[in-house]
Amino acid sequence: MPFSIRPFTGVAAFAALMTITSANANMGTIGNTYGLFPQDVATTQALSMFNQEVSATYYNPSRLVKDQRGELSTGLLQAEAKLEASGPDRSGDLLSRTPTASVLLGLKTDLSQLTTFDHPMFLGVVIGVENYGFSLLEFQSETSEGGQFLEYDRQPLFVSVGGGTELFRGFSGGLSARATLNNNATLTTTTDLAGNTQYESLNVQAEPALSFTLSNTLDLGEMFCPYYDCAVTGLEFAVAYQQRSYSRTKVEATTVIPGLIPASDPLNFTIQTYDSFQPTTITAGTQFDRGSIRIGATLEYQEWSTLEDQFSSDTIKDQAGAEFEDIMIPRLGAEYRLGESFSLLGGFSYRPTALKSTQTVDVNLFDTDRYIVGVGLSAKVGKQMFLAHPLQIDLGYQRQELVDRDFTIVNSRPGTANNIEVTTGGSVDVFSGSISLKF
């Protein structure tokens with residue numbers, strides 16, 4: 001770390017500081033690592049650009065206009081990553097098996113009644129909360145003697161709010177904002193060498209950090225032949241630009257020890273760290289929908305190289321010297337409709353690693369290429385009692401296979417294992433379910 005700690009006092013101050021930070025970390029988000037709702041999970045996000053459900057708020061807000069009905073959805077995503085690292089100094093291959101469990105809430109509605117214009121304008125809201133809704137901010141940022149994976153772990157709170165409208169026939173536009181939390185804490189204390197504190201002052205402040213998504217969808221069938229079928233009926237193109245986002249925590253601590261460190265020259269140090277990084281992403285896709293079946297493909301560009309800037313100002317990871325590269329992710333998905341009530345979904349994606357470095361000092365990051373497959377089921381339950389529209393139930397499953405890759409463990413701390421070759425890999429199982437009410 002770039003700051004220095006004086007003898008004895010640094011230990012006491014750091015112990016006091018760590019009482020206000022806790023839990024698990026990752027440089028990824030539920031939206032781009034797994035998918036939000038079951039249809040995104042089942043198609044490995046290949047059809048997310050063309051979904052008409054509320055998750056379009058996150059991926060492609062211009063697609064909110066496709067279904068004129070409102071929507072209220074709740075979902076649960078459970079992912080368990082079995083991450084492995086084998087080497088000569090290890091008794092077993094298993095490195096981590098920490099699950100993530102996110103509760104998702106979504107709302108979509110038509111705001112046209114708020115204006116004098118008779119033109120549909122749709123608002124979408126998606127909220128994701130970790131640990132079955134009980135954790136709003138949960139992460140840990142640390143160095144690791146044995147190694148840690150770049151992306152997989154728990155997810156802090158996020159909120160995505162957006163809108164979409166038809167600009168002219170067959171062409172729609174949308175804009176959404178994704179809010180994460182930046183946290184600032186200031187700690188001031190007077191302590192003795194035993195760590196007993198007095199005259200403490202602690203101030204913690206959380207503020208939202210916004211990133212934006214801008215998207216457009218072109219429906220050729222709606223544009224050229226809206227009242228009859230033609231060769232381009234069901235053919236759509238979409239493009240979306242998602243701005244980079246992350247969560248940041250910054251803690252500033254000041255310590256005074258009477259007789260040793262005076263108030264005129266206190267011990268000061270700062271810890272700043274980043275979590276839940278989502279790179280700038282540009283996605284282009286196409287879909288062909290012919291009634292009983294729809295097929296879609298997307299190509300996604302992710303600018304991971306900018307993560308190096310965050311690492312350089314991250315006081316926990318700055319010594320790692322990690323290098324990242326931009327990546328392209330191809331995705332292919334399909335939906336087959338079994339009548340009006342049931343649909344089968346599936347998808348395949350290949351996600352290359354963004355981590356160029358095979359050794360990152362003290363932090364010891366791992367990341368590998370991965371093959372992703374998904375399957376799912378969507379069912380519309382007939383009108384029940386007072387419901388105006390059928391209840392929609394979606395289920396999705398996703399499997400991620402991590403390709404084996406070799407890394408070198410490098411630690412600068414005396415007495416720790418150093419220059420040890422390890423082979424990493426593993427798999428991730430993702431389960432997702434949701435219930436949606438249309439109105």
# chains A, B, ... in the order shown; residues from 1 in each chain; ligands from 1
$ closest_atom_pairs --of "stretch 341-399 of chain A" --to "stretch 57-69 of chain A" --cutoff "12 Å" --atoms "only C-alpha atoms" --output "JSON lines"
{"residue": "A:Ala388", "atom": "CA", "partner": "A:Arg69", "partner_atom": "CA", "distance": 10.8}
{"residue": "A:His389", "atom": "CA", "partner": "A:Arg69", "partner_atom": "CA", "distance": 9.4}
{"residue": "A:Pro390", "atom": "CA", "partner": "A:Arg69", "partner_atom": "CA", "distance": 11.8}
$ residues_around --residues "stretch 217-233 of chain A" --least-positions-apart "5" --cutoff "7 Å" --atoms "only C-alpha atoms" --output "number ranges by chain"
A: 62-63, 169-173, 238-239
$ closest_atom_pairs --of "stretch 243-315 of chain A" --to "stretch 151-160 of chain A" --cutoff "10 Å" --atoms "only C-alpha atoms" --output "CSV"
residue,atom,partner,partner_atom,distance
A:Ser247,CA,A:Pro156,CA,8.5
A:Asp275,CA,A:Pro156,CA,8.8
A:Ser276,CA,A:Gln155,CA,7.1
A:Phe277,CA,A:Glu151,CA,8.9
$ select_by_dssp --residues "stretch 133-213 of chain A" --states "strand (DSSP E)" --output "ChimeraX atom specification"
/A:148-149,158-168,171-191,197-213
$ residues_around --residues "A:Glu200" --least-positions-apart "5" --cutoff "7 Å" --atoms "only C-alpha atoms" --output "PyMOL selection string"
chain A and resi 188-190
$ closest_residue --among "A:Val422, A:Val430, A:Leu123, A:Leu391" --to "A:Glu80" --atoms "only C-alpha atoms"
A:Val430
$ residues_around --residues "stretch 307-318 of chain A" --least-positions-apart "5" --cutoff "7 Å" --atoms "only C-alpha atoms" --output "VMD selection string"
chain A and resid 1 to 2 142 to 143 271 to 274 323 to 324 363
$ write_last_selection --atoms "N, CA and C atoms" --output "mmCIF file, in the first residue's frame"
data_model
loop_
_atom_site.group_PDB
_atom_site.id
_atom_site.type_symbol
_atom_site.label_atom_id
_atom_site.label_comp_id
_atom_site.auth_asym_id
_atom_site.auth_seq_id
_atom_site.Cartn_x
_atom_site.Cartn_y
_atom_site.Cartn_z
ATOM 1 N N MET A 1 0.839 -1.191 0.000
ATOM 2 C CA MET A 1 0.000 0.000 0.000
ATOM 3 C C MET A 1 0.879 1.247 0.000
ATOM 4 N N PRO A 2 0.393 2.372 -0.543
ATOM 5 C CA PRO A 2 1.240 3.538 -0.682
ATOM 6 C C PRO A 2 1.426 4.321 0.602
ATOM 7 N N GLU A 142 -9.531 -7.535 -0.543
ATOM 8 C CA GLU A 142 -8.367 -7.992 0.203
ATOM 9 C C GLU A 142 -7.289 -8.546 -0.719
ATOM 10 N N THR A 143 -6.073 -8.615 -0.192
ATOM 11 C CA THR A 143 -5.038 -9.401 -0.847
ATOM 12 C C THR A 143 -5.271 -10.858 -0.493
ATOM 13 N N ILE A 271 -7.775 4.252 3.001
ATOM 14 C CA ILE A 271 -8.000 3.041 2.215
ATOM 15 C C ILE A 271 -9.131 3.321 1.233
ATOM 16 N N GLN A 272 -8.873 3.039 -0.023
ATOM 17 C CA GLN A 272 -9.885 3.192 -1.075
ATOM 18 C C GLN A 272 -9.900 1.928 -1.920
ATOM 19 N N THR A 273 -11.072 1.376 -2.154
ATOM 20 C CA THR A 273 -11.158 0.134 -2.921
ATOM 21 C C THR A 273 -12.428 0.114 -3.761
ATOM 22 N N TYR A 274 -12.400 -0.701 -4.822
ATOM 23 C CA TYR A 274 -13.497 -0.754 -5.793
ATOM 24 C C TYR A 274 -14.086 -2.158 -5.857
ATOM 25 N N GLU A 323 -2.918 -6.395 -15.501
ATOM 26 C CA GLU A 323 -3.195 -5.879 -16.838
ATOM 27 C C GLU A 323 -4.461 -6.544 -17.386
ATOM 28 N N PHE A 324 -5.323 -5.721 -17.992
ATOM 29 C CA PHE A 324 -6.578 -6.205 -18.546
ATOM 30 C C PHE A 324 -6.665 -5.840 -20.021
ATOM 31 N N VAL A 363 -2.202 -9.795 -4.574
ATOM 32 C CA VAL A 363 -3.647 -9.939 -4.802
ATOM 33 C C VAL A 363 -3.961 -11.311 -5.390
#
$ select_by_dssp --residues "stretch 26-143 of chain A" --states "helix (DSSP H, G or I)" --output "VMD selection string"
chain A and resid 30 to 33 38 to 42 48 to 50 56 to 59 61 to 65 112 to 114 131 to 133
$ closest_residue --among "A:Glu84, A:Asp367, A:Glu53, A:Asp429" --to "A:Gly70" --atoms "only C-alpha atoms"
A:Glu53
$ closest_residue --among "A:Leu355, A:Thr43, A:Ile420, A:Asp406" --to "A:Tyr336" --atoms "only C-alpha atoms"
A:Thr43
$ residues_around --residues "A:Leu437" --least-positions-apart "5" --cutoff "12 Å" --atoms "only C-alpha atoms" --output "list in words"
Glu53, Val54, Arg69, Gly70, Glu71, Leu72, Ser73, Thr74, Gly75, Leu105, Gly106, Leu107, Lys108, Thr109, Lys380, Val381, Gly382, Lys383, Gln384, Phe386, Leu387, Ala388, His389, Pro390, Leu391, Gln392, Ile393 and Asp394 of chain A
$ closest_residue --among "A:Ile372, A:Leu402, A:Leu150, A:Ala81" --to "A:Gly35" --atoms "only C-alpha atoms"
A:Ile372
$ atom_distance --atom1 "atom CA of A:Gln113" --atom2 "atom CA of A:Gln242"
29.0 Å
$ closest_residue --among "A:Pro279, A:Gly347, A:Gly128, A:Gly146" --to "A:Glu303" --atoms "only C-alpha atoms"
A:Pro279
$ atom_distance --atom1 "atom CA of A:Thr100" --atom2 "atom CA of A:Asn131"
6.9 Å
$ closest_residue --among "A:Ile282, A:Pro38, A:Arg405, A:Leu47" --to "A:Gln243" --atoms "only C-alpha atoms"
A:Ile282
